[in-house]
file input09.tsv (TSV, C-alpha atoms and all ligand atoms)
chain	number	residue	atom	x	y	z
A	1	MET	CA	41.90	-140.31	-77.12
A	2	ILE	CA	38.31	-139.72	-75.97
A	3	GLU	CA	36.21	-142.72	-75.00
A	4	LEU	CA	32.50	-142.59	-74.29
A	5	ARG	CA	31.35	-145.73	-72.48
A	6	ASN	CA	27.67	-146.58	-72.23
A	7	LEU	CA	26.69	-142.94	-71.71
A	8	THR	CA	23.04	-142.42	-70.81
A	9	ARG	CA	21.10	-139.34	-69.76
A	10	HIS	CA	17.43	-139.35	-68.78
A	11	TYR	CA	15.19	-136.32	-68.38
A	12	GLY	CA	12.14	-137.72	-66.65
A	13	GLU	CA	10.50	-140.00	-69.19
A	14	VAL	CA	12.80	-138.88	-72.02
A	15	THR	CA	16.08	-140.71	-72.64
A	16	ALA	CA	18.02	-137.93	-74.37
A	17	VAL	CA	21.18	-140.07	-74.74
A	18	ASN	CA	20.81	-143.84	-74.68
A	19	ASP	CA	23.78	-146.12	-74.03
A	20	VAL	CA	26.26	-144.39	-76.34
A	21	SER	CA	29.76	-145.83	-76.68
A	22	LEU	CA	32.32	-144.48	-79.11
A	23	THR	CA	35.99	-143.56	-79.33
A	24	VAL	CA	37.54	-140.49	-80.91
A	25	GLN	CA	41.24	-140.80	-81.70
A	26	THR	CA	43.56	-137.94	-80.82
A	27	GLY	CA	43.79	-135.37	-83.61
A	28	GLN	CA	40.60	-136.51	-85.34
A	29	ILE	CA	37.31	-134.75	-86.00
A	30	ALA	CA	34.17	-136.66	-85.03
A	31	VAL	CA	30.89	-135.16	-86.23
A	32	LEU	CA	27.51	-135.82	-84.60
A	33	VAL	CA	24.56	-135.60	-86.99
A	34	GLY	CA	20.90	-136.47	-86.58
A	35	THR	CA	17.41	-135.06	-86.58
A	36	SER	CA	16.31	-132.36	-84.16
A	37	GLY	CA	15.96	-133.74	-80.63
A	38	SER	CA	18.11	-136.82	-81.32
A	39	GLY	CA	20.43	-136.02	-78.41
A	40	LYS	CA	23.45	-134.40	-80.10
A	41	THR	CA	23.76	-131.38	-77.82
A	42	THR	CA	23.12	-133.45	-74.71
A	43	LEU	CA	25.86	-135.89	-75.75
A	44	LEU	CA	28.30	-133.01	-76.30
A	45	ARG	CA	27.47	-131.51	-72.89
A	46	LEU	CA	27.91	-134.84	-71.15
A	47	ILE	CA	31.52	-134.74	-72.32
A	48	ASN	CA	32.36	-131.47	-70.55
A	49	ARG	CA	29.87	-132.14	-67.74
A	50	LEU	CA	27.63	-129.21	-68.43
A	51	VAL	CA	25.17	-132.11	-68.14
A	52	GLN	CA	25.76	-134.96	-65.67
A	53	PRO	CA	25.32	-138.51	-66.99
A	54	SER	CA	22.62	-140.74	-65.50
A	55	SER	CA	25.12	-143.55	-66.10
A	56	GLY	CA	28.24	-144.30	-68.10
A	57	GLN	CA	31.71	-142.82	-68.33
A	58	VAL	CA	33.80	-140.33	-70.30
A	59	LEU	CA	37.52	-141.06	-70.44
A	60	ILE	CA	40.18	-138.69	-71.74
A	61	ASP	CA	43.47	-140.47	-72.42
A	62	GLY	CA	42.29	-143.28	-70.17
A	63	ALA	CA	41.36	-141.05	-67.19
A	64	ASP	CA	37.72	-141.05	-66.06
A	65	THR	CA	36.56	-137.43	-66.17
A	66	ALA	CA	34.28	-138.07	-63.17
A	67	SER	CA	37.44	-138.06	-61.06
A	68	LEU	CA	38.49	-134.57	-62.25
A	69	PRO	CA	37.19	-131.32	-60.72
A	70	VAL	CA	34.66	-129.80	-63.13
A	71	HIS	CA	36.49	-126.46	-63.44
A	72	HIS	CA	39.70	-128.29	-64.33
A	73	LEU	CA	37.87	-130.31	-66.97
A	74	ARG	CA	36.26	-127.26	-68.59
A	75	ARG	CA	39.64	-125.60	-68.90
A	76	ARG	CA	41.03	-128.63	-70.72
A	77	ILE	CA	38.03	-128.78	-73.03
A	78	GLY	CA	37.22	-125.86	-75.34
A	79	TYR	CA	33.55	-125.19	-76.10
A	80	ALA	CA	32.30	-123.18	-79.07
A	81	ILE	CA	28.60	-122.66	-79.73
A	82	GLN	CA	26.41	-121.29	-82.48
A	83	GLY	CA	26.33	-117.50	-82.60
A	84	ASP	CA	29.84	-117.30	-81.06
A	85	GLY	CA	28.76	-116.73	-77.38
A	86	LEU	CA	31.23	-113.85	-76.94
A	87	PHE	CA	31.00	-111.63	-73.86
A	88	PRO	CA	29.50	-108.45	-75.39
A	89	HIS	CA	31.20	-105.96	-73.03
A	90	ARG	CA	34.70	-107.37	-73.41
A	91	THR	CA	37.11	-106.65	-76.22
A	92	VAL	CA	38.15	-109.38	-78.63
A	93	ALA	CA	41.44	-109.72	-76.73
A	94	ARG	CA	39.72	-110.04	-73.33
A	95	ASN	CA	37.32	-112.59	-74.76
A	96	ILE	CA	40.14	-114.74	-76.09
A	97	ALA	CA	42.06	-114.33	-72.81
A	98	THR	CA	39.20	-115.72	-70.68
A	99	VAL	CA	40.54	-119.20	-69.92
A	100	PRO	CA	44.29	-118.32	-69.94
A	101	ARG	CA	43.51	-115.65	-67.29
A	102	LEU	CA	41.60	-118.19	-65.21
A	103	LEU	CA	44.62	-120.46	-65.47
A	104	GLY	CA	46.88	-117.62	-64.25
A	105	TRP	CA	49.06	-117.36	-67.36
A	106	PRO	CA	51.49	-114.39	-67.24
A	107	LYS	CA	50.30	-111.35	-69.22
A	108	SER	CA	53.09	-111.60	-71.80
A	109	ARG	CA	52.15	-115.20	-72.61
A	110	ILE	CA	48.46	-114.29	-72.88
A	111	ASP	CA	49.19	-111.33	-75.18
A	112	ALA	CA	51.38	-113.49	-77.41
A	113	ARG	CA	48.70	-116.19	-77.58
A	114	ILE	CA	45.99	-113.64	-78.51
A	115	ASP	CA	48.07	-112.33	-81.40
A	116	GLU	CA	49.03	-115.83	-82.52
A	117	LEU	CA	45.38	-116.94	-82.64
A	118	LEU	CA	44.14	-113.77	-84.35
A	119	ALA	CA	46.79	-114.20	-87.04
A	120	LEU	CA	45.90	-117.89	-87.41
A	121	PHE	CA	42.26	-116.93	-88.02
A	122	GLN	CA	43.29	-114.23	-90.49
A	123	LEU	CA	42.24	-111.35	-88.25
A	124	GLU	CA	44.99	-108.70	-88.25
A	125	PRO	CA	45.89	-108.44	-84.51
A	126	ALA	CA	46.46	-104.67	-84.50
A	127	ALA	CA	43.07	-104.07	-86.11
A	128	PHE	CA	41.00	-106.59	-84.13
A	129	ARG	CA	42.54	-106.90	-80.64
A	130	ASP	CA	40.66	-103.92	-79.16
A	131	ARG	CA	37.36	-104.21	-81.02
A	132	MET	CA	34.14	-104.97	-79.21
A	133	PRO	CA	32.06	-107.95	-80.41
A	134	HIS	CA	29.37	-105.67	-81.94
A	135	GLN	CA	32.07	-104.21	-84.22
A	136	LEU	CA	32.64	-107.61	-85.89
A	137	SER	CA	30.84	-109.26	-88.79
A	138	GLY	CA	29.09	-112.55	-88.04
A	139	GLY	CA	31.92	-114.54	-89.62
A	140	GLN	CA	34.61	-112.62	-87.73
A	141	ALA	CA	32.77	-113.07	-84.42
A	142	GLN	CA	32.47	-116.77	-85.13
A	143	ARG	CA	36.22	-117.04	-85.68
A	144	VAL	CA	36.90	-115.14	-82.45
A	145	GLY	CA	34.56	-117.58	-80.68
A	146	VAL	CA	36.56	-120.54	-81.97
A	147	ALA	CA	39.87	-118.75	-81.19
A	148	ARG	CA	38.66	-118.22	-77.61
A	149	ALA	CA	37.78	-121.91	-77.31
A	150	LEU	CA	41.31	-122.81	-78.48
A	151	ALA	CA	43.12	-120.21	-76.36
A	152	ALA	CA	44.42	-122.43	-73.58
A	153	LYS	CA	45.45	-125.18	-76.03
A	154	PRO	CA	42.67	-127.57	-75.00
A	155	ASP	CA	43.05	-131.32	-75.47
A	156	LEU	CA	39.58	-131.37	-76.92
A	157	LEU	CA	37.35	-128.86	-78.67
A	158	LEU	CA	33.58	-129.32	-78.55
A	159	MET	CA	31.65	-127.37	-81.20
A	160	ASP	CA	27.84	-127.11	-81.26
A	161	GLU	CA	26.63	-125.94	-84.68
A	162	PRO	CA	29.54	-123.48	-84.82
A	163	PHE	CA	28.76	-122.36	-88.37
A	164	GLY	CA	24.97	-122.55	-88.18
A	165	ALA	CA	24.47	-118.79	-88.33
A	166	LEU	CA	26.79	-118.14	-91.28
A	167	ASP	CA	25.84	-117.72	-94.92
A	168	SER	CA	26.97	-120.44	-97.30
A	169	VAL	CA	30.04	-118.59	-98.67
A	170	ILE	CA	31.47	-117.65	-95.26
A	171	ARG	CA	30.48	-121.05	-93.96
A	172	ALA	CA	32.54	-122.86	-96.59
A	173	LYS	CA	35.52	-120.65	-95.75
A	174	ALA	CA	35.06	-121.21	-91.99
A	175	GLN	CA	34.94	-124.98	-92.58
A	176	SER	CA	38.14	-125.08	-94.58
A	177	ASP	CA	39.86	-122.75	-92.07
A	178	LEU	CA	38.82	-125.07	-89.25
A	179	ARG	CA	40.22	-128.08	-91.10
A	180	ASP	CA	43.54	-126.28	-91.72
A	181	ILE	CA	43.84	-125.05	-88.15
A	182	GLN	CA	42.92	-128.45	-86.76
A	183	ARG	CA	45.66	-130.03	-88.90
A	184	GLN	CA	48.21	-127.46	-87.74
A	185	LEU	CA	47.34	-127.72	-84.04
A	186	GLY	CA	46.40	-131.42	-83.96
A	187	THR	CA	43.35	-130.65	-81.80
A	188	THR	CA	40.75	-133.38	-81.29
A	189	ILE	CA	37.31	-132.03	-82.18
A	190	ILE	CA	33.76	-133.25	-81.62
A	191	LEU	CA	31.31	-131.17	-83.66
A	192	VAL	CA	27.51	-131.15	-83.87
A	193	THR	CA	25.82	-130.17	-87.11
A	194	HIS	CA	22.53	-130.47	-88.97
A	195	ASP	CA	24.35	-130.19	-92.27
A	196	ILE	CA	25.30	-133.56	-93.79
A	197	GLN	CA	27.65	-132.00	-96.33
A	198	GLU	CA	29.51	-130.28	-93.47
A	199	ALA	CA	29.74	-133.64	-91.69
A	200	VAL	CA	31.11	-135.36	-94.80
A	201	GLN	CA	33.61	-132.59	-95.47
A	202	LEU	CA	34.93	-132.17	-91.92
A	203	GLY	CA	34.52	-135.54	-90.27
A	204	ASP	CA	37.14	-138.25	-89.98
A	205	ARG	CA	34.25	-140.13	-88.38
A	206	ILE	CA	30.53	-139.41	-88.40
A	207	ALA	CA	28.11	-140.53	-85.67
A	208	VAL	CA	24.50	-140.65	-86.86
A	209	MET	CA	22.06	-140.23	-83.95
A	210	ASP	CA	18.36	-141.00	-83.67
A	211	ARG	CA	16.31	-140.85	-80.46
A	212	GLY	CA	19.34	-140.85	-78.19
A	213	ARG	CA	21.16	-143.71	-79.87
A	214	VAL	CA	24.13	-143.76	-82.21
A	215	LEU	CA	22.95	-145.83	-85.18
A	216	GLN	CA	26.28	-145.80	-87.03
A	217	TYR	CA	29.76	-144.47	-86.27
A	218	ASP	CA	31.96	-144.72	-89.34
A	219	SER	CA	34.08	-142.88	-91.88
A	220	PRO	CA	32.16	-140.58	-94.26
A	221	ALA	CA	32.77	-142.99	-97.16
A	222	GLN	CA	31.38	-145.93	-95.15
A	223	ILE	CA	28.33	-143.94	-94.06
A	224	LEU	CA	27.65	-142.95	-97.67
A	225	THR	CA	28.21	-146.33	-99.28
A	226	GLN	CA	27.16	-148.70	-96.47
A	227	PRO	CA	24.42	-146.97	-94.44
A	228	ALA	CA	23.63	-149.22	-91.47
A	229	THR	CA	19.88	-148.56	-91.44
A	230	PRO	CA	17.19	-147.02	-93.67
A	231	PHE	CA	17.22	-144.00	-91.31
A	232	VAL	CA	20.94	-143.39	-92.01
A	233	ARG	CA	20.37	-143.78	-95.76
A	234	ASP	CA	17.49	-141.30	-95.70
A	235	LEU	CA	19.42	-138.82	-93.58
A	236	ILE	CA	22.41	-138.70	-95.92
A	237	GLY	CA	20.04	-138.10	-98.83
A	238	PRO	CA	19.89	-140.84	-101.51
A	239	THR	CA	19.83	-138.27	-104.32
A	240	GLU	CA	22.87	-136.43	-102.97
A	241	ARG	CA	25.09	-139.30	-101.93
A	242	ALA	CA	26.88	-139.75	-105.26
A	243	PHE	CA	27.97	-136.11	-105.18
A	244	ARG	CA	28.90	-136.22	-101.51
A	245	LEU	CA	31.08	-139.26	-102.21
A	246	LEU	CA	32.80	-137.51	-105.13
A	247	SER	CA	33.54	-134.55	-102.84
A	248	LEU	CA	35.66	-136.82	-100.59
A	249	THR	CA	38.33	-137.59	-103.20
A	250	GLY	CA	40.82	-135.37	-105.01
A	251	ILE	CA	41.38	-135.64	-108.77
A	252	GLY	CA	44.97	-136.90	-108.27
A	253	PRO	CA	44.27	-140.65	-108.64
A	254	ILE	CA	42.34	-140.24	-111.91
A	255	THR	CA	44.55	-137.61	-113.52
A	256	MET	CA	46.16	-139.13	-116.62
A	257	PRO	CA	48.55	-137.95	-119.31
A	258	GLY	CA	46.97	-136.13	-122.24
A	259	GLU	CA	45.82	-132.83	-123.71
A	260	ALA	CA	42.46	-131.10	-123.34
A	261	HIS	CA	41.06	-127.68	-124.23
A	262	GLY	CA	39.76	-124.87	-122.08
A	263	THR	CA	40.38	-123.48	-118.61
A	264	PRO	CA	42.40	-125.92	-116.49
A	265	ILE	CA	41.11	-127.24	-113.17
A	266	ALA	CA	43.15	-126.83	-109.97
A	267	ARG	CA	45.36	-129.75	-109.00
A	268	ASP	CA	43.72	-129.92	-105.54
A	269	ALA	CA	40.15	-129.95	-106.93
A	270	THR	CA	37.81	-132.77	-105.89
A	271	LEU	CA	36.09	-135.25	-108.21
A	272	ARG	CA	32.88	-133.33	-107.56
A	273	ASP	CA	34.49	-130.08	-108.70
A	274	ALA	CA	35.68	-131.82	-111.86
A	275	LEU	CA	32.26	-133.30	-112.64
A	276	ALA	CA	30.58	-129.93	-112.08
A	277	GLU	CA	33.08	-128.25	-114.42
A	278	CYS	CA	32.59	-130.92	-117.14
A	279	LEU	CA	28.80	-130.51	-116.96
A	280	TRP	CA	28.90	-126.73	-116.79
A	281	SER	CA	31.33	-126.23	-119.65
A	282	GLY	CA	30.08	-129.17	-121.75
A	283	ARG	CA	33.53	-130.77	-121.91
A	284	ASP	CA	34.40	-134.49	-121.80
A	285	ALA	CA	37.92	-133.79	-120.57
A	286	LEU	CA	39.57	-131.03	-118.52
A	287	PRO	CA	43.25	-130.04	-118.46
A	288	VAL	CA	44.75	-130.08	-114.96
A	289	GLN	CA	46.95	-127.22	-113.79
A	290	GLY	CA	50.57	-128.33	-114.01
A	291	GLY	CA	49.82	-131.10	-116.55
A	292	GLY	CA	47.57	-134.07	-117.31
A	293	ILE	CA	43.83	-134.37	-117.85
A	294	VAL	CA	40.69	-135.60	-116.09
A	295	THR	CA	37.99	-137.21	-118.24
A	296	LEU	CA	34.28	-137.73	-117.73
A	297	ASP	CA	34.80	-141.46	-118.40
A	298	ALA	CA	37.36	-141.67	-115.60
A	299	LEU	CA	34.99	-139.82	-113.24
A	300	ARG	CA	32.19	-142.26	-114.04
A	301	ALA	CA	34.43	-145.30	-113.65
A	302	ASN	CA	35.63	-144.00	-110.29
A	303	ALA	CA	32.08	-143.41	-109.04
A	304	ALA	CA	31.06	-146.96	-110.05
A	305	GLN	CA	34.11	-148.40	-108.28
A	306	ASP	CA	33.39	-146.44	-105.06
A	307	ARG	CA	29.90	-147.90	-104.91
A	308	GLN	CA	31.18	-151.49	-104.79
B	401	LIG	N1	17.28	-129.73	-69.83
B	401	LIG	C1	16.39	-130.56	-70.39
B	401	LIG	N2	15.27	-130.91	-69.75
B	401	LIG	C2	14.38	-131.78	-70.28
B	401	LIG	N3	14.54	-132.36	-71.50
B	401	LIG	C3	15.63	-132.04	-72.18
B	401	LIG	C4	16.62	-131.13	-71.69
B	401	LIG	N4	17.61	-131.02	-72.61
B	401	LIG	C5	17.26	-131.80	-73.63
B	401	LIG	N5	16.09	-132.41	-73.40
B	401	LIG	C6	15.40	-133.36	-74.30
B	401	LIG	O1	16.34	-134.34	-74.71
B	401	LIG	C7	16.19	-134.65	-76.09
B	401	LIG	C8	17.48	-134.41	-76.83
B	401	LIG	O2	17.75	-133.00	-76.87
B	401	LIG	P1	19.07	-132.39	-77.52
B	401	LIG	O3	19.02	-130.93	-77.33
B	401	LIG	O4	20.24	-133.12	-77.00
B	401	LIG	O5	18.85	-132.77	-79.06
B	401	LIG	P2	19.60	-132.24	-80.34
B	401	LIG	O6	19.82	-133.44	-81.21
B	401	LIG	O7	20.79	-131.44	-79.97
B	401	LIG	O8	18.49	-131.30	-80.98
B	401	LIG	P3	18.63	-130.01	-81.93
B	401	LIG	O9	19.26	-130.50	-83.21
B	401	LIG	O10	17.20	-129.59	-82.13
B	401	LIG	O11	19.45	-129.00	-81.21
B	401	LIG	C9	15.01	-133.82	-76.57
B	401	LIG	O12	13.85	-134.61	-76.52
B	401	LIG	C10	14.93	-132.70	-75.57
B	401	LIG	O13	13.61	-132.21	-75.45

call {"tool": "encode", "arguments": {"input": "input09.tsv", "output": "structure tokens"}}
result
Amino acid sequence: MIELRNLTRHYGEVTAVNDVSLTVQTGQIAVLVGTSGSGKTTLLRLINRLVQPSSGQVLIDGADTASLPVHHLRRRIGYAIQGDGLFPHRTVARNIATVPRLLGWPKSRIDARIDELLALFQLEPAAFRDRMPHQLSGGQAQRVGVARALAAKPDLLLMDEPFGALDSVIRAKAQSDLRDIQRQLGTTIILVTHDIQEAVQLGDRIAVMDRGRVLQYDSPAQILTQPATPFVRDLIGPTERAFRLLSLTGIGPITMPGEAHGTPIARDATLRDALAECLWSGRDALPVQGGGIVTLDALRANAAQDRQ
């Protein structure tokens, strides 16, 4: 569990982070969103002490990080940044091995970990181990960057706009890969993004920041349906919120017995997918793969219920 207690950081006249307190449970993803200059990156860097707090504390599993040597802390906390940050003159394998080597892991353990992570990120180890970063696509380099951050099995992974440089197709894939990998490894993640949809899709909790303060720290559904301030409401986009909310729920709960025509929708589709398919194909009901149907009426009733 990560606890931030009254964290503040001043830069001269500017208060980049202003009295922030929040808790991230082990194995959860917390996403920091907010306008440019709201303090997201500074808050992230206060956690691994790339930036020193003016006041306040960071506790990991109850231990104040101020009492830990900085190098020890950085090895327990993975850090992945936009544009991957790979060392350009080191192979993929050497990049991933950076922290395990610092920790003095035996070579056999490091080699096994490199292959395990490459396979996890769907990069064939034999083909990618010895490549140089310039021989990777942007999406592949990004995955290697995240693999490197995870190499020494950190308690916590900090990610600063990790998918910012990717196109929307690769970005969606990288997001769902991250979710899967996070579930498999149980890593606690704190992630900064500008993209509200990314926050809604990835976050167990979302912290909305403005001028150094956290205005609301809640589940995506709470943020969407009960924005704490007009700023939060505007940031999540009043015209988009209905669709964002639909994207949080699978079709399972509204699937009912019945028959419908046309191409079936996947059983793990979201309510948003189902609505889009109804609108696109001009159907009032969709068959669901494996049996049952989803109707436009049920989608509408569900959306009305979520708003209450
Ligand atoms: N090293 C620094 N020296 C002086 N001011 C700084 C420094 N780092 C950040 N700031 C200021 O602190 C505030 C918060 O910056 P920060 O980078 O944390 O915001 P951000 O929300 O991550 O922004 P962005 O989304 O644009 O990356 C800004 O006003 C910024 O100018």

call {"tool": "closest_residue", "arguments": {"input": "input09.tsv", "among": "A:Phe121, A:Tyr11, A:Phe87, A:Trp280", "to": "Pro53 of chain A", "atoms": "all atoms listed in the file"}}
result
A:Tyr11

call {"tool": "residues_near_ligand", "arguments": {"input": "input09.tsv", "ligand": "ligand LIG 401 (chain B)", "cutoff": "6 Å", "atoms": "all atoms listed in the file", "output": "number ranges by chain"}}
result
A: 11, 16, 35-42

call {"tool": "residues_around", "arguments": {"input": "input09.tsv", "residues": "Arg143 of chain A", "least_positions_apart": "5", "cutoff": "10 Å", "atoms": "all atoms listed in the file", "output": "number ranges by chain"}}
result
A: 80, 84, 117-118, 120-123, 137-138, 148-149, 162-163, 174, 177-178

call {"tool": "closest_residue", "arguments": {"input": "input09.tsv", "among": "A:Ile223, A:Leu4, A:Val208, A:Ala30", "to": "Ile47 of chain A", "atoms": "all atoms listed in the file"}}
result
A:Leu4

call {"tool": "residues_around", "arguments": {"input": "input09.tsv", "residues": "Leu246 of chain A", "least_positions_apart": "2", "cutoff": "7 Å", "atoms": "all atoms listed in the file", "output": "list in words"}}
result
Ala242, Phe243, Arg244, Leu248, Thr249, Thr270, Leu271 and Arg272 of chain A

call {"tool": "residues_around", "arguments": {"input": "input09.tsv", "residues": "Val24 of chain A", "least_positions_apart": "5", "cutoff": "7 Å", "atoms": "all atoms listed in the file", "output": "compact mmCIF listing (two decimals) with C-alpha atoms, in the coordinates of the input"}}
result
# COMPACT_ATOMS: atom_id res chain seq x y z
CA MET A 1 41.90 -140.31 -77.12
CA ILE A 2 38.31 -139.72 -75.97
CA GLU A 3 36.21 -142.72 -75.00
CA ALA A 30 34.17 -136.66 -85.03

call {"tool": "residues_around", "arguments": {"input": "input09.tsv", "residues": "segment 288-290 of chain A", "least_positions_apart": "3", "cutoff": "8 Å", "atoms": "all atoms listed in the file", "output": "CSV table (one decimal) with C-alpha atoms, in the coordinates of the input"}}
result
chain,number,residue,atom,x,y,z
A,255,THR,CA,44.6,-137.6,-113.5
A,264,PRO,CA,42.4,-125.9,-116.5
A,265,ILE,CA,41.1,-127.2,-113.2
A,266,ALA,CA,43.2,-126.8,-110.0
A,267,ARG,CA,45.4,-129.8,-109.0
A,293,ILE,CA,43.8,-134.4,-117.8
A,294,VAL,CA,40.7,-135.6,-116.1

call {"tool": "axis_aligned_box", "arguments": {"input": "input09.tsv", "around": "segment 88-107 of chain A", "padding_each_side": "8 Å", "output": "JSON"}}
result
{"center_x": 40.5, "center_y": -113.2, "center_z": -71.4, "size_x": 38.0, "size_y": 30.5, "size_z": 30.4}

call {"tool": "closest_residue", "arguments": {"input": "input09.tsv", "among": "A:Thr188, A:Ser54, A:Gln140, A:Gln25", "to": "Gly12 of chain A", "atoms": "only C-alpha atoms"}}
result
A:Ser54

call {"tool": "atom_distance", "arguments": {"input": "input09.tsv", "atom1": "atom CA of Ile114 of chain A", "atom2": "atom CA of Asp155 of chain A"}}
result
18.2 Å

call {"tool": "residues_around", "arguments": {"input": "input09.tsv", "residues": "segment 70-76 of chain A", "least_positions_apart": "2", "cutoff": "9 Å", "atoms": "all atoms listed in the file", "output": "PyMOL selection string"}}
result
chain A and resi 48-50+65-68+78-79+99-100+102-103+152-157

call {"tool": "atom_distance", "arguments": {"input": "input09.tsv", "atom1": "atom CA of Asp210 of chain A", "atom2": "atom CA of Thr15 of chain A"}}
result
11.3 Å

call {"tool": "build_atoms", "arguments": {"input": "input09.tsv", "residues": "segment 196-209 of chain A", "atoms": "N, CA and C atoms", "output": "PDB file, in the frame of the given file"}}
result
ATOM      1  N   ILE A 196      24.605-132.315 -93.445  1.00  0.00           N
ATOM      2  CA  ILE A 196      25.300-133.560 -93.790  1.00  0.00           C
ATOM      3  C   ILE A 196      26.547-133.279 -94.618  1.00  0.00           C
ATOM      4  N   GLN A 197      26.470-132.289 -95.512  1.00  0.00           N
ATOM      5  CA  GLN A 197      27.650-132.000 -96.330  1.00  0.00           C
ATOM      6  C   GLN A 197      28.809-131.528 -95.438  1.00  0.00           C
ATOM      7  N   GLU A 198      28.474-130.731 -94.412  1.00  0.00           N
ATOM      8  CA  GLU A 198      29.510-130.280 -93.470  1.00  0.00           C
ATOM      9  C   GLU A 198      30.117-131.486 -92.749  1.00  0.00           C
ATOM     10  N   ALA A 199      29.255-132.440 -92.373  1.00  0.00           N
ATOM     11  CA  ALA A 199      29.740-133.640 -91.690  1.00  0.00           C
ATOM     12  C   ALA A 199      30.687-134.434 -92.585  1.00  0.00           C
ATOM     13  N   VAL A 200      30.304-134.577 -93.850  1.00  0.00           N
ATOM     14  CA  VAL A 200      31.110-135.360 -94.800  1.00  0.00           C
ATOM     15  C   VAL A 200      32.443-134.663 -95.056  1.00  0.00           C
ATOM     16  N   GLN A 201      32.402-133.342 -95.145  1.00  0.00           N
ATOM     17  CA  GLN A 201      33.610-132.590 -95.470  1.00  0.00           C
ATOM     18  C   GLN A 201      34.591-132.523 -94.297  1.00  0.00           C
ATOM     19  N   LEU A 202      34.050-132.392 -93.067  1.00  0.00           N
ATOM     20  CA  LEU A 202      34.930-132.170 -91.920  1.00  0.00           C
ATOM     21  C   LEU A 202      35.272-133.440 -91.157  1.00  0.00           C
ATOM     22  N   GLY A 203      34.374-134.426 -91.195  1.00  0.00           N
ATOM     23  CA  GLY A 203      34.520-135.540 -90.270  1.00  0.00           C
ATOM     24  C   GLY A 203      35.553-136.575 -90.709  1.00  0.00           C
ATOM     25  N   ASP A 204      36.401-137.009 -89.764  1.00  0.00           N
ATOM     26  CA  ASP A 204      37.140-138.250 -89.980  1.00  0.00           C
ATOM     27  C   ASP A 204      36.194-139.406 -89.695  1.00  0.00           C
ATOM     28  N   ARG A 205      35.300-139.175 -88.724  1.00  0.00           N
ATOM     29  CA  ARG A 205      34.250-140.130 -88.380  1.00  0.00           C
ATOM     30  C   ARG A 205      32.949-139.359 -88.218  1.00  0.00           C
ATOM     31  N   ILE A 206      31.844-140.011 -88.584  1.00  0.00           N
ATOM     32  CA  ILE A 206      30.530-139.410 -88.400  1.00  0.00           C
ATOM     33  C   ILE A 206      29.701-140.347 -87.520  1.00  0.00           C
ATOM     34  N   ALA A 207      29.059-139.768 -86.492  1.00  0.00           N
ATOM     35  CA  ALA A 207      28.110-140.530 -85.670  1.00  0.00           C
ATOM     36  C   ALA A 207      26.710-140.076 -86.041  1.00  0.00           C
ATOM     37  N   VAL A 208      25.881-141.002 -86.508  1.00  0.00           N
ATOM     38  CA  VAL A 208      24.500-140.650 -86.860  1.00  0.00           C
ATOM     39  C   VAL A 208      23.615-141.019 -85.672  1.00  0.00           C
ATOM     40  N   MET A 209      22.893-140.005 -85.139  1.00  0.00           N
ATOM     41  CA  MET A 209      22.060-140.230 -83.950  1.00  0.00           C
ATOM     42  C   MET A 209      20.572-140.188 -84.282  1.00  0.00           C
TER      43      MET A 209
END
